[in-house]
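Q: So here's input-v1.tsv (TSV, C-alpha atoms).
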```tsv
chain	number	residue	atom	x	y	z
A	909	MET	CA	-19.80	-28.90	-1.32
A	910	ASN	CA	-19.89	-26.58	1.73
A	911	ARG	CA	-17.09	-24.08	2.01
A	912	PRO	CA	-15.19	-23.98	5.36
A	913	TRP	CA	-15.57	-20.83	7.42
A	914	THR	CA	-11.94	-19.88	6.77
A	915	ASP	CA	-12.65	-19.93	3.04
A	916	ARG	CA	-15.66	-17.66	3.43
A	917	VAL	CA	-14.21	-15.19	5.97
A	918	PHE	CA	-10.81	-14.87	4.31
A	919	ASP	CA	-12.04	-14.72	0.74
A	920	PRO	CA	-9.72	-12.31	-1.18
A	921	ARG	CA	-12.76	-10.31	-2.23
A	922	ARG	CA	-13.41	-9.48	1.44
A	923	ARG	CA	-9.86	-8.34	2.15
A	924	GLY	CA	-10.80	-4.65	2.29
A	925	VAL	CA	-13.72	-5.33	4.66
A	926	ARG	CA	-11.43	-7.27	6.99
A	927	THR	CA	-8.84	-4.48	6.98
A	928	LEU	CA	-11.46	-1.87	7.85
A	929	LEU	CA	-12.73	-4.11	10.65
A	930	TYR	CA	-9.21	-4.53	12.05
A	931	VAL	CA	-8.61	-0.79	11.97
A	932	ALA	CA	-11.98	-0.04	13.57
A	933	VAL	CA	-11.31	-2.44	16.45
A	934	LEU	CA	-7.78	-1.14	17.01
A	935	ALA	CA	-8.93	2.47	16.77
A	936	GLY	CA	-11.51	1.71	19.44
A	937	ASP	CA	-8.79	0.20	21.61
A	938	LEU	CA	-6.66	3.33	21.20
A	939	LEU	CA	-9.50	5.72	21.92
A	940	LEU	CA	-11.24	3.86	24.73
A	941	VAL	CA	-8.51	1.79	26.44
A	942	LEU	CA	-4.98	3.08	25.78
A	943	ARG	CA	-5.92	6.73	25.22
A	944	PRO	CA	-2.62	8.17	23.91
A	945	SER	CA	-1.31	11.22	25.75
A	946	GLY	CA	0.29	14.07	23.86
A	947	GLY	CA	0.64	14.89	20.24
A	948	THR	CA	3.55	12.48	19.66
A	949	GLU	CA	1.60	9.41	20.73
A	950	TRP	CA	-1.44	10.49	18.72
A	951	ALA	CA	0.76	10.97	15.65
A	952	LEU	CA	2.32	7.54	16.13
A	953	ALA	CA	-1.11	5.94	16.58
A	954	ALA	CA	-2.45	7.63	13.46
A	955	ALA	CA	0.60	6.54	11.47
A	956	GLY	CA	0.13	2.96	12.67
A	957	LEU	CA	-3.54	2.94	11.62
A	958	VAL	CA	-2.72	4.43	8.22
A	959	LEU	CA	-0.02	1.82	7.62
A	960	CYS	CA	-2.46	-0.94	8.62
A	961	LEU	CA	-4.91	0.39	6.04
A	962	ALA	CA	-2.11	0.57	3.45
A	963	GLY	CA	-1.48	-3.11	4.10
A	964	TRP	CA	-4.67	-3.81	2.15
A	965	ARG	CA	-2.72	-3.05	-1.05
A	966	TRP	CA	0.97	-3.01	-0.07
A	967	ALA	CA	1.33	-5.43	2.84
A	968	PRO	CA	5.13	-6.09	2.62
A	969	ALA	CA	6.05	-2.40	2.49
A	970	ALA	CA	3.51	-1.53	5.18
A	971	LEU	CA	4.92	-4.22	7.48
A	972	VAL	CA	8.47	-2.90	7.10
A	973	ALA	CA	7.27	0.63	7.82
A	974	GLN	CA	5.31	-0.55	10.86
A	975	SER	CA	8.42	-2.32	12.20
A	976	GLY	CA	10.39	0.92	11.86
A	977	LEU	CA	7.55	2.83	13.51
A	978	LEU	CA	7.62	0.34	16.39
A	979	VAL	CA	11.35	0.96	16.98
A	980	ALA	CA	10.83	4.74	16.80
A	981	ALA	CA	7.92	4.66	19.27
A	982	HIS	CA	9.98	2.62	21.74
A	983	ALA	CA	12.88	5.01	21.41
A	984	LEU	CA	10.54	7.94	22.15
A	985	GLY	CA	9.16	6.15	25.19
A	986	ALA	CA	5.59	6.16	23.85
A	987	GLY	CA	3.01	4.21	25.79
A	988	ILE	CA	1.23	2.87	22.71
A	989	VAL	CA	3.99	0.43	21.70
A	990	PRO	CA	1.78	-2.61	22.48
A	991	ALA	CA	-0.93	-1.26	20.17
A	992	LEU	CA	1.61	-0.74	17.38
A	993	LYS	CA	2.79	-4.34	17.85
A	994	VAL	CA	-0.78	-5.53	17.37
A	995	LEU	CA	-1.15	-3.42	14.23
A	996	ALA	CA	2.06	-4.88	12.78
A	997	ALA	CA	0.99	-8.42	13.76
A	998	VAL	CA	-2.33	-7.92	11.94
A	999	THR	CA	-0.51	-6.82	8.78
A	1000	LEU	CA	1.81	-9.84	9.00
A	1001	PHE	CA	-1.18	-12.14	9.48
A	1002	GLU	CA	-2.90	-10.78	6.35
A	1003	LEU	CA	0.34	-11.08	4.40
A	1004	ALA	CA	0.67	-14.76	5.42
A	1005	VAL	CA	-2.98	-15.38	4.44
A	1006	ARG	CA	-2.37	-14.02	0.93
A	1007	GLN	CA	1.13	-15.28	0.11
A	1008	SER	CA	3.53	-18.08	0.85
A	1009	GLY	CA	7.29	-18.43	0.62
A	1010	ARG	CA	9.99	-15.86	1.24
A	1011	ILE	CA	7.98	-12.65	1.48
A	1012	PRO	CA	5.95	-13.56	4.61
A	1013	ALA	CA	9.05	-15.13	6.15
A	1014	ALA	CA	11.06	-11.95	5.51
A	1015	GLY	CA	8.25	-9.84	7.02
A	1016	CYS	CA	8.24	-12.07	10.09
A	1017	ALA	CA	12.02	-11.65	10.43
A	1018	VAL	CA	11.78	-7.84	10.13
A	1019	LEU	CA	9.07	-7.63	12.80
A	1020	ALA	CA	10.95	-10.01	15.11
A	1021	LEU	CA	14.11	-7.92	14.63
A	1022	ALA	CA	12.20	-4.78	15.62
A	1023	VAL	CA	11.07	-6.47	18.84
A	1024	LEU	CA	14.63	-7.63	19.58
A	1025	VAL	CA	16.00	-4.14	18.98
A	1026	ASN	CA	13.48	-2.66	21.39
A	1027	ARG	CA	14.46	-5.19	24.05
A	1028	SER	CA	18.20	-5.15	23.37
A	1029	GLY	CA	18.79	-3.48	26.73
A	1030	ASP	CA	17.44	-6.58	28.48
A	1031	LEU	CA	20.06	-8.83	26.85
A	1032	PRO	CA	21.68	-11.11	27.80
A	1033	GLY	CA	19.99	-11.45	31.20
A	1034	LEU	CA	16.45	-11.89	29.84
A	1035	LEU	CA	17.42	-13.65	26.62
A	1036	PRO	CA	14.71	-16.41	26.80
A	1037	GLU	CA	11.98	-13.87	27.58
A	1038	VAL	CA	13.03	-11.56	24.75
A	1039	PHE	CA	13.13	-14.31	22.15
A	1040	PHE	CA	9.81	-15.69	23.37
A	1041	LYS	CA	8.19	-12.27	22.98
A	1042	ALA	CA	9.69	-11.88	19.49
A	1043	ALA	CA	8.39	-15.32	18.52
A	1044	LEU	CA	4.97	-14.47	19.94
A	1045	VAL	CA	4.65	-11.09	18.20
A	1046	ALA	CA	6.04	-12.22	14.82
A	1047	GLY	CA	5.81	-16.02	14.75
A	1048	LEU	CA	2.21	-16.47	15.88
A	1049	PRO	CA	0.66	-14.22	13.16
A	1050	LEU	CA	2.79	-15.98	10.55
A	1051	PHE	CA	1.65	-19.39	11.80
A	1052	LEU	CA	-2.04	-18.46	11.97
A	1053	GLY	CA	-2.00	-16.77	8.57
A	1054	SER	CA	-0.25	-19.74	7.00
A	1055	TYR	CA	-2.78	-22.10	8.57
A	1056	VAL	CA	-5.70	-20.11	7.14
A	1057	ARG	CA	-4.05	-19.99	3.71
A	1058	LEU	CA	-3.35	-23.74	3.69
A	1059	THR	CA	-6.93	-24.46	4.80
A	1060	ARG	CA	-8.29	-22.36	1.96
A	1061	GLU	CA	-5.96	-23.99	-0.56
A	1062	ALA	CA	-7.00	-27.45	0.64
A	1063	ALA	CA	-10.67	-26.52	0.28
A	1064	ALA	CA	-10.06	-25.17	-3.24
A	1065	HIS	CA	-8.19	-28.34	-4.15
A	1066	ALA	CA	-11.03	-30.49	-2.78
A	1067	ARG	CA	-13.57	-28.51	-4.80
A	1068	ALA	CA	-11.47	-28.83	-7.94
A	1069	GLU	CA	-11.11	-32.58	-7.39
A	1070	ALA	CA	-14.86	-32.93	-6.82
A	1071	ASP	CA	-15.48	-31.03	-10.06
A	1072	ARG	CA	-13.07	-33.33	-11.92
A	1073	GLN	CA	-14.79	-36.42	-10.54
A	1074	LEU	CA	-18.18	-34.99	-11.48
A	1075	ARG	CA	-16.98	-34.31	-15.02
A	1076	ARG	CA	-15.57	-37.84	-15.30
A	1077	ALA	CA	-18.86	-39.27	-14.04
A	1078	GLU	CA	-20.80	-37.15	-16.52
A	1079	GLN	CA	-18.51	-38.27	-19.33
A	1080	GLY	CA	-18.98	-41.92	-18.31
A	1081	LEU	CA	-22.73	-41.44	-18.15
A	1082	ALA	CA	-22.71	-39.77	-21.56
A	1083	ALA	CA	-20.68	-42.66	-23.01
A	1084	ALA	CA	-23.06	-45.21	-21.51
A	1085	ARG	CA	-26.02	-43.28	-22.82
A	1086	ALA	CA	-24.48	-43.08	-26.29
A	1087	ALA	CA	-23.88	-46.84	-26.26
A	1088	GLU	CA	-27.46	-47.45	-25.16
A	1089	ARG	CA	-28.79	-45.15	-27.89
A	1090	ALA	CA	-26.68	-46.97	-30.48
A	1091	ALA	CA	-27.99	-50.35	-29.29
A	1092	VAL	CA	-31.59	-49.14	-29.48
A	1093	ALA	CA	-30.93	-47.68	-32.93
A	1094	ARG	CA	-29.57	-51.03	-34.14
A	1095	GLU	CA	-32.60	-52.92	-32.88
A	1096	LEU	CA	-35.01	-50.38	-34.37
A	1097	HIS	CA	-33.28	-50.52	-37.73
A	1098	ASP	CA	-32.57	-54.23	-37.92
A	1099	LEU	CA	-35.83	-55.52	-36.47
A	1100	VAL	CA	-38.70	-53.02	-36.30
A	1101	ALA	CA	-37.85	-50.92	-39.36
A	1102	HIS	CA	-37.17	-54.08	-41.38
A	1103	HIS	CA	-40.60	-55.55	-40.61
A	1104	VAL	CA	-42.42	-52.25	-41.12
A	1105	SER	CA	-40.68	-51.79	-44.47
A	1106	SER	CA	-41.69	-55.32	-45.48
A	1107	MET	CA	-45.32	-54.65	-44.51
A	1108	VAL	CA	-45.38	-51.41	-46.47
A	1109	LEU	CA	-44.07	-53.19	-49.56
A	1110	ARG	CA	-46.64	-55.98	-49.21
A	1111	VAL	CA	-49.52	-53.53	-48.79
A	1112	GLY	CA	-48.26	-51.66	-51.85
A	1113	VAL	CA	-48.28	-54.88	-53.87
A	1114	ALA	CA	-51.80	-55.66	-52.64
A	1115	ARG	CA	-52.99	-52.21	-53.70
A	1116	HIS	CA	-51.46	-52.69	-57.13
A	1117	VAL	CA	-53.01	-56.12	-57.59
A	1118	VAL	CA	-56.46	-54.98	-56.47
A	1119	THR	CA	-56.38	-51.81	-58.57
A	1120	ALA	CA	-55.01	-53.57	-61.67
A	1121	GLY	CA	-57.44	-56.50	-61.40
A	1122	GLY	CA	-60.54	-54.48	-62.33
A	1123	PRO	CA	-63.93	-56.20	-62.46
A	1124	ASP	CA	-62.41	-59.47	-63.72
A	1125	GLY	CA	-59.30	-59.34	-61.59
A	1126	PRO	CA	-58.34	-61.53	-58.69
A	1127	ALA	CA	-60.28	-59.36	-56.21
A	1128	GLY	CA	-63.51	-59.84	-58.11
A	1129	GLY	CA	-63.97	-56.14	-58.48
A	1130	THR	CA	-62.50	-53.13	-56.78
A	1131	ASP	CA	-64.49	-52.18	-53.69
A	1132	PRO	CA	-63.69	-48.52	-52.75
A	1133	ARG	CA	-63.85	-49.40	-49.07
A	1134	PHE	CA	-61.31	-52.16	-49.53
A	1135	THR	CA	-58.90	-49.97	-51.49
A	1136	GLY	CA	-59.45	-47.19	-48.96
A	1137	VAL	CA	-58.30	-49.49	-46.18
A	1138	LEU	CA	-55.25	-50.50	-48.20
A	1139	ASP	CA	-54.46	-46.88	-48.93
A	1140	ASP	CA	-54.69	-46.02	-45.26
A	1141	LEU	CA	-52.50	-48.98	-44.29
A	1142	HIS	CA	-49.95	-47.97	-46.88
A	1143	ALA	CA	-49.91	-44.34	-45.72
A	1144	SER	CA	-49.71	-45.34	-42.05
A	1145	GLY	CA	-46.89	-47.76	-42.73
A	1146	ARG	CA	-44.91	-45.18	-44.69
A	1147	ALA	CA	-45.41	-42.61	-41.92
A	1148	ALA	CA	-44.29	-45.12	-39.28
A	1149	LEU	CA	-41.25	-46.02	-41.36
A	1150	ALA	CA	-40.32	-42.35	-41.79
A	1151	ASP	CA	-40.62	-41.80	-38.02
A	1152	LEU	CA	-38.47	-44.85	-37.35
A	1153	ARG	CA	-35.78	-43.63	-39.73
A	1154	ARG	CA	-35.76	-40.19	-38.11
A	1155	LEU	CA	-35.54	-41.79	-34.68
A	1156	VAL	CA	-32.67	-44.04	-35.74
A	1157	ALA	CA	-30.83	-41.04	-37.20
A	1158	VAL	CA	-31.24	-39.11	-33.95
A	1159	LEU	CA	-30.11	-42.03	-31.81
A	1160	ARG	CA	-27.08	-42.53	-34.05
A	1161	THR	CA	-25.99	-38.89	-33.68
A	1162	PRO	CA	-23.60	-38.44	-30.72
A	1163	GLY	CA	-24.83	-35.58	-28.58
A	1164	GLY	CA	-27.86	-35.22	-30.81
A	1165	PRO	CA	-31.22	-33.86	-29.72
A	1166	GLU	CA	-33.71	-35.79	-27.67
A	1167	PRO	CA	-35.91	-38.11	-29.76
A	1168	ALA	CA	-38.96	-36.03	-28.84
A	1169	ALA	CA	-37.51	-33.00	-30.62
A	1170	ALA	CA	-36.96	-35.05	-33.79
A	1171	LEU	CA	-40.45	-36.59	-33.81
A	1172	VAL	CA	-42.48	-33.48	-32.94
A	1173	ALA	CA	-41.13	-30.24	-34.36
A	1174	ASP	CA	-41.74	-26.92	-32.62
A	1175	GLY	CA	-45.31	-25.78	-33.09
A	1176	ALA	CA	-46.29	-28.92	-35.04
A	1177	LEU	CA	-48.43	-30.59	-32.37
A	1178	PRO	CA	-51.85	-29.30	-33.53
A	1179	ALA	CA	-51.22	-30.55	-37.08
A	1180	ALA	CA	-49.93	-33.89	-35.77
A	1181	LEU	CA	-53.03	-34.32	-33.58
A	1182	GLU	CA	-55.28	-33.48	-36.53
A	1183	ALA	CA	-53.55	-36.15	-38.61
A	1184	VAL	CA	-54.05	-38.72	-35.82
A	1185	VAL	CA	-57.74	-37.83	-35.56
A	1186	GLU	CA	-58.24	-38.10	-39.33
A	1187	ARG	CA	-56.55	-41.48	-39.38
A	1188	ALA	CA	-58.75	-42.66	-36.50
A	1189	ARG	CA	-61.88	-41.51	-38.31
A	1190	GLY	CA	-60.87	-43.46	-41.38
A	1191	THR	CA	-60.49	-46.78	-39.63
A	1192	GLY	CA	-62.39	-46.51	-36.36
A	1193	PRO	CA	-65.15	-44.68	-34.54
A	1194	ALA	CA	-66.53	-41.25	-35.34
A	1195	VAL	CA	-64.25	-38.83	-33.54
A	1196	THR	CA	-65.00	-35.26	-32.51
A	1197	ALA	CA	-61.96	-33.27	-31.44
A	1198	ALA	CA	-61.45	-29.99	-29.58
A	1199	VAL	CA	-57.76	-29.07	-29.43
A	1200	ASP	CA	-56.59	-25.84	-27.84
A	1201	PRO	CA	-54.32	-24.03	-30.33
A	1202	ALA	CA	-52.10	-23.02	-27.40
A	1203	VAL	CA	-50.67	-26.55	-27.33
A	1204	ALA	CA	-48.43	-25.43	-30.19
A	1205	GLY	CA	-46.28	-23.73	-27.56
A	1206	LEU	CA	-45.55	-26.92	-25.59
A	1207	ASP	CA	-42.00	-28.18	-25.30
A	1208	ALA	CA	-40.95	-31.20	-27.35
A	1209	VAL	CA	-41.17	-33.72	-24.48
A	1210	ARG	CA	-44.71	-32.82	-23.44
A	1211	SER	CA	-45.76	-32.47	-27.09
A	1212	LEU	CA	-44.64	-36.03	-27.79
A	1213	ALA	CA	-46.40	-37.24	-24.61
A	1214	VAL	CA	-49.68	-35.62	-25.70
A	1215	LEU	CA	-49.35	-37.07	-29.20
A	1216	ARG	CA	-48.70	-40.60	-27.92
A	1217	LEU	CA	-51.53	-40.42	-25.39
A	1218	VAL	CA	-54.00	-39.36	-28.09
A	1219	GLN	CA	-52.76	-42.07	-30.46
A	1220	GLU	CA	-53.07	-44.78	-27.81
A	1221	GLY	CA	-56.41	-43.51	-26.52
A	1222	LEU	CA	-58.03	-43.42	-29.97
A	1223	ALA	CA	-56.47	-46.76	-30.90
A	1224	ASN	CA	-57.98	-48.34	-27.78
A	1225	ALA	CA	-61.36	-46.80	-28.62
A	1226	ALA	CA	-61.23	-48.32	-32.11
A	1227	LYS	CA	-60.04	-51.67	-30.76
A	1228	HIS	CA	-62.53	-52.11	-27.94
A	1229	ALA	CA	-65.53	-49.98	-28.93
A	1230	GLY	CA	-65.50	-50.78	-32.62
A	1231	PRO	CA	-66.11	-48.71	-35.75
A	1232	VAL	CA	-69.72	-47.83	-34.86
A	1233	ALA	CA	-68.77	-46.11	-31.62
A	1234	ARG	CA	-68.42	-42.42	-31.03
A	1235	ALA	CA	-65.29	-40.95	-29.48
A	1236	GLU	CA	-64.48	-37.50	-28.18
A	1237	LEU	CA	-61.03	-35.92	-27.80
A	1238	THR	CA	-60.38	-32.80	-25.73
A	1239	VAL	CA	-56.97	-31.19	-25.27
A	1240	ARG	CA	-56.84	-27.85	-23.50
A	1241	MET	CA	-54.32	-25.66	-21.74
A	1242	ASP	CA	-54.92	-24.49	-18.20
A	1243	GLY	CA	-52.13	-22.01	-17.63
A	1244	GLY	CA	-49.04	-24.13	-18.19
A	1245	THR	CA	-50.88	-27.39	-17.47
A	1246	VAL	CA	-52.16	-29.70	-20.22
A	1247	ARG	CA	-55.49	-31.46	-19.61
A	1248	LEU	CA	-56.33	-34.28	-22.03
A	1249	THR	CA	-59.46	-36.44	-22.24
A	1250	VAL	CA	-60.32	-39.29	-24.62
A	1251	ARG	CA	-63.72	-40.90	-24.14
A	1252	ASP	CA	-65.95	-43.24	-26.14
A	1253	ASP	CA	-69.53	-44.50	-25.75
A	1254	GLY	CA	-68.52	-48.17	-25.93
A	1255	GLY	CA	-70.32	-48.88	-29.21
A	1256	GLY	CA	-72.55	-51.37	-27.42
A	1257	ARG	CA	-69.63	-53.67	-26.61
A	1258	PRO	CA	-68.59	-54.85	-23.15
A	1259	ARG	CA	-65.32	-53.25	-22.06
A	1260	PRO	CA	-62.73	-54.81	-19.71
A	1261	SER	CA	-62.48	-53.07	-16.34
A	1262	GLY	CA	-59.19	-51.69	-15.05
A	1263	THR	CA	-56.98	-53.18	-17.78
A	1264	ASP	CA	-56.26	-52.75	-21.43
A	1265	SER	CA	-56.75	-56.42	-22.32
A	1266	GLY	CA	-53.36	-57.59	-21.20
A	1267	GLY	CA	-51.40	-55.21	-23.41
A	1268	HIS	CA	-48.81	-52.67	-22.42
A	1269	GLY	CA	-50.45	-49.54	-23.81
A	1270	LEU	CA	-51.99	-48.35	-20.54
A	1271	ILE	CA	-48.82	-49.22	-18.63
A	1272	GLY	CA	-46.73	-47.23	-21.09
A	1273	MET	CA	-49.09	-44.26	-20.85
A	1274	ARG	CA	-48.92	-44.26	-17.06
A	1275	GLU	CA	-45.12	-44.40	-17.16
A	1276	ARG	CA	-44.92	-41.59	-19.72
A	1277	VAL	CA	-47.21	-39.34	-17.65
A	1278	ALA	CA	-45.43	-40.19	-14.38
A	1279	LEU	CA	-42.07	-39.17	-15.85
A	1280	LEU	CA	-43.51	-35.70	-16.39
A	1281	GLY	CA	-44.96	-35.50	-12.89
A	1282	GLY	CA	-48.54	-35.83	-14.12
A	1283	THR	CA	-51.53	-38.04	-13.41
A	1284	LEU	CA	-53.53	-40.45	-15.57
A	1285	ASP	CA	-56.92	-42.02	-14.87
A	1286	ALA	CA	-58.54	-44.60	-17.12
A	1287	GLY	CA	-61.63	-46.72	-16.65
A	1288	PRO	CA	-65.28	-47.36	-17.54
A	1289	ALA	CA	-67.54	-44.32	-17.71
A	1290	ASP	CA	-71.12	-43.87	-18.98
A	1291	GLY	CA	-71.20	-47.23	-20.75
A	1292	GLY	CA	-67.89	-46.63	-22.49
A	1293	TRP	CA	-64.37	-45.74	-21.52
A	1294	ARG	CA	-62.68	-42.53	-20.43
A	1295	LEU	CA	-58.99	-41.66	-20.23
A	1296	THR	CA	-57.94	-38.44	-18.51
A	1297	ALA	CA	-54.35	-37.17	-18.25
A	1298	VAL	CA	-52.93	-34.05	-16.62
A	1299	LEU	CA	-49.42	-32.89	-17.50
A	1300	PRO	CA	-48.15	-30.07	-15.26
A	1301	ALA	CA	-45.95	-27.24	-16.41
A	1302	PRO	CA	-42.21	-27.97	-16.16
A	1303	ALA	CA	-40.63	-26.96	-12.89
A	1304	PRO	CA	-38.33	-23.93	-13.19
A	1305	VAL	CA	-34.64	-24.79	-13.33
A	1306	PRO	CA	-32.91	-23.41	-10.20
A	1307	GLU	CA	-30.01	-21.06	-10.74
A	1308	PRO	CA	-26.62	-22.60	-9.86
A	1309	ARG	CA	-25.23	-21.54	-6.51
A	1310	PRO	CA	-21.93	-19.66	-6.52
```
Could you show the structure in this file as structure tokens?
A:
Amino acid sequence: MNRPWTDRVFDPRRRGVRTLLYVAVLAGDLLLVLRPSGGTEWALAAAGLVLCLAGWRWAPAALVAQSGLLVAAHALGAGIVPALKVLAAVTLFELAVRQSGRIPAAGCAVLALAVLVNRSGDLPGLLPEVFFKAALVAGLPLFLGSYVRLTREAAAHARAEADRQLRRAEQGLAAARAAERAAVARELHDLVAHHVSSMVLRVGVARHVVTAGGPDGPAGGTDPRFTGVLDDLHASGRAALADLRRLVAVLRTPGGPEPAAALVADGALPAALEAVVERARGTGPAVTAAVDPAVAGLDAVRSLAVLRLVQEGLANAAKHAGPVARAELTVRMDGGTVRLTVRDDGGGRPRPSGTDSGGHGLIGMRERVALLGGTLDAGPADGGWRLTAVLPAPAPVPEPRP
């Protein structure tokens, strides 16, 4: 929130600057307007300026001394008494800005008493005028200083209250996020992980039956291609189950890391992409890959985005172009920007235009890229399909304002 001008100008850290400014202005008034005559007036003026400077550290004592100096200057008939009143009023004002309670009130009373003493010869005939002048010289600085102090305290209180409300909102948001993570973890464990675990077990049983059957077994012989497919299904299912369990563990941990950090470790993206490409080659088209080793330095969020885009792009190539197609993967770094391309030659099959056959894969990819401020283009190209994604470098985090 914006600080009021009183809070900025009368910041305690600027107290010395304000004091020097006061003294400079009053010294200019003495030299250019009042122009003291004689050594006595110059000595009194210098003493008043020194005491005003001393008020930067010892305002109560300086104010008492200035009040005494004011009485002495009046007794000597000096013509700079008005300037000394202003100097004392400035000290009282600064004292009221810094403190509250008895000390500023006592300083106000001492200065008012000095004014009354100087005008005691006018009593009782000019009693209203004398008391008005005392109230003006001593009461007005006390009032203005107190107003500035109260304004600053109110602004500080408002900032503290805003900070408390922000912390409460952040705590509520964190609690809601934790509840949402727990709900997602439950669904992943109870539904998705359960079914994936069941599929892994069934594929394992199928592998055992096929392998144990031999030439006279129920499979009528063990075809290496068939067992290779089962092996790949079993490995893929176990990998998916392990990822699900890691994700559930992360979601169940209050204040734990982001899921991206749990699924893609630092520097592990090149190896993860190589595993995805090998898996695609085993079950789908012939894939050639060119991955920039610099992608190992990506943050966890963009690493996971690249991994998911490659998985979905190669899966779509296998699904729509078929196993006889050829696919090409390119991932390169351009400064801090990631540029990713997955293309296939179509394998001689017709490819739907502008959609991914009613599924949610392309929609999910667009959402994932948009969250990172990137762009994604997908569509027919050269008889096949091409997917291009650009993920920009993260924006620098601005430093907090004081």
Q: I'd like the contact shell of A:Ala1225 - 8 Å cut-off, only C-alpha atoms, skipping same-chain residues fewer than 2 positions apart - returned as a count of residues only.
A: 14
Q: Tell me which of A:Leu1021, A:Ala1213, A:Leu957, A:Ala1084 sits closest to A:Thr999, counting all atoms listed in the file.
A: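 Closest to A:Thr999 of all the choices is A:Leu957.
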Q: Which polymer residues, protein or nucleic acid, are no farther than 10 Å from (-49.5, -35.3, -11.4), counting all atoms listed in the file, as a list in words?
A: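 Counting all atoms listed in the file, I find these residues within 10 Å of (-49.5, -35.3, -11.4): Val1277, Ala1278, Leu1279, Leu1280, Gly1281, Gly1282, Thr1283, Leu1284, Ala1297, Val1298, Leu1299 and Pro1300 of chain A.
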Q: Can you tell me, as an MDAnalysis selection string, what residues are no more than 12 Å from A:Arg1210 when counting all atoms listed in the file, ignoring any on the same chain fewer than 2 positions away?
A: chainID A and resid 1168:1169 1171:1175 1177 1203:1208 1212:1217 1244:1248 1276:1282 1297:1302
Q: What is the distance between atom CA of A:Leu971 and atom CA of A:Ile988, in Å to one decimal?
A: 17.2 Å
Q: Report, in Å with one decimal, the straight-line distance from atom CA of A:Ser1008 to atom CA of A:His1065.
A: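 Taking atom CA of A:Ser1008 as the start and atom CA of A:His1065 as the end point, the length is 16.4 Å.
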Q: Using all atoms listed in the file, which of A:Asp1139, A:Glu949, A:Glu1061, A:Glu1236 sits nearest A:Val1108?
A: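 Among the listed residues, A:Asp1139 lies closest to A:Val1108.
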Q: Please compute the atom CA of A:Leu1109-atom CA of A:Val1092 distance, one decimal, in Å.
A: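 Between atom CA of A:Leu1109 and atom CA of A:Val1092 the gap works out to 24.0 Å.
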Q: Could you give me, as a JSON list (two decimals) with C-alpha atoms, in the frame of the given file, the residues that have an atom at most 10 Å away from the point (3.2, 4.1, 8.7) in the coordinates of the file, using all atoms listed in the file?
A:
```json
[["chain", "number", "residue", "atom", "x", "y", "z"],
["A", 952, "LEU", "CA", 2.32, 7.54, 16.13],
["A", 953, "ALA", "CA", -1.11, 5.94, 16.58],
["A", 954, "ALA", "CA", -2.45, 7.63, 13.46],
["A", 955, "ALA", "CA", 0.60, 6.54, 11.47],
["A", 956, "GLY", "CA", 0.13, 2.96, 12.67],
["A", 957, "LEU", "CA", -3.54, 2.94, 11.62],
["A", 958, "VAL", "CA", -2.72, 4.43, 8.22],
["A", 959, "LEU", "CA", -0.02, 1.82, 7.62],
["A", 960, "CYS", "CA", -2.46, -0.94, 8.62],
["A", 961, "LEU", "CA", -4.91, 0.39, 6.04],
["A", 962, "ALA", "CA", -2.11, 0.57, 3.45],
["A", 963, "GLY", "CA", -1.48, -3.11, 4.10],
["A", 969, "ALA", "CA", 6.05, -2.40, 2.49],
["A", 970, "ALA", "CA", 3.51, -1.53, 5.18],
["A", 971, "LEU", "CA", 4.92, -4.22, 7.48],
["A", 972, "VAL", "CA", 8.47, -2.90, 7.10],
["A", 973, "ALA", "CA", 7.27, 0.63, 7.82],
["A", 974, "GLN", "CA", 5.31, -0.55, 10.86],
["A", 975, "SER", "CA", 8.42, -2.32, 12.20],
["A", 976, "GLY", "CA", 10.39, 0.92, 11.86],
["A", 977, "LEU", "CA", 7.55, 2.83, 13.51],
["A", 978, "LEU", "CA", 7.62, 0.34, 16.39],
["A", 996, "ALA", "CA", 2.06, -4.88, 12.78]]
```
Q: Let me make sure I understand: among A:Val989, A:Leu1295, A:Ala1197, A:Leu1159, which one has the smallest atom-to-atom distance to A:Ala1086 if we use only C-alpha atoms?
A: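 Among the listed residues, the smallest separation from A:Ala1086 belongs to A:Leu1159.
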Q: Stretch 1046-1064 of chain A, all listed atoms, 5 Å padding on each side: what axis-aligned box centre and edge lengths in Å to one decimal come out, as AutoDock Vina command-line options?
A:
```
--center_x -2.3 --center_y -19.8 --center_z 6.3 --size_x 26.7 --size_y 25.2 --size_z 29.1
```
Q: List as a list of chain:residue names the protein and nucleic acid residues near A:Pro1231, meaning an atom at most 10 Å away when all atoms listed in the file are counted, but skip any in the same chain fewer than 5 places from it.
A: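 The contact residues come out as A:Ala1188, A:Arg1189, A:Gly1190, A:Thr1191, A:Gly1192, A:Pro1193, A:Ala1194, A:Ala1225, A:Ala1226, A:Gly1255.
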Q: From the options A:Ala1063, A:Ala1183, A:Leu1000, A:Val1005, which residue's atoms come nearest to A:Val1018, counting only C-alpha atoms?
A: A:Leu1000
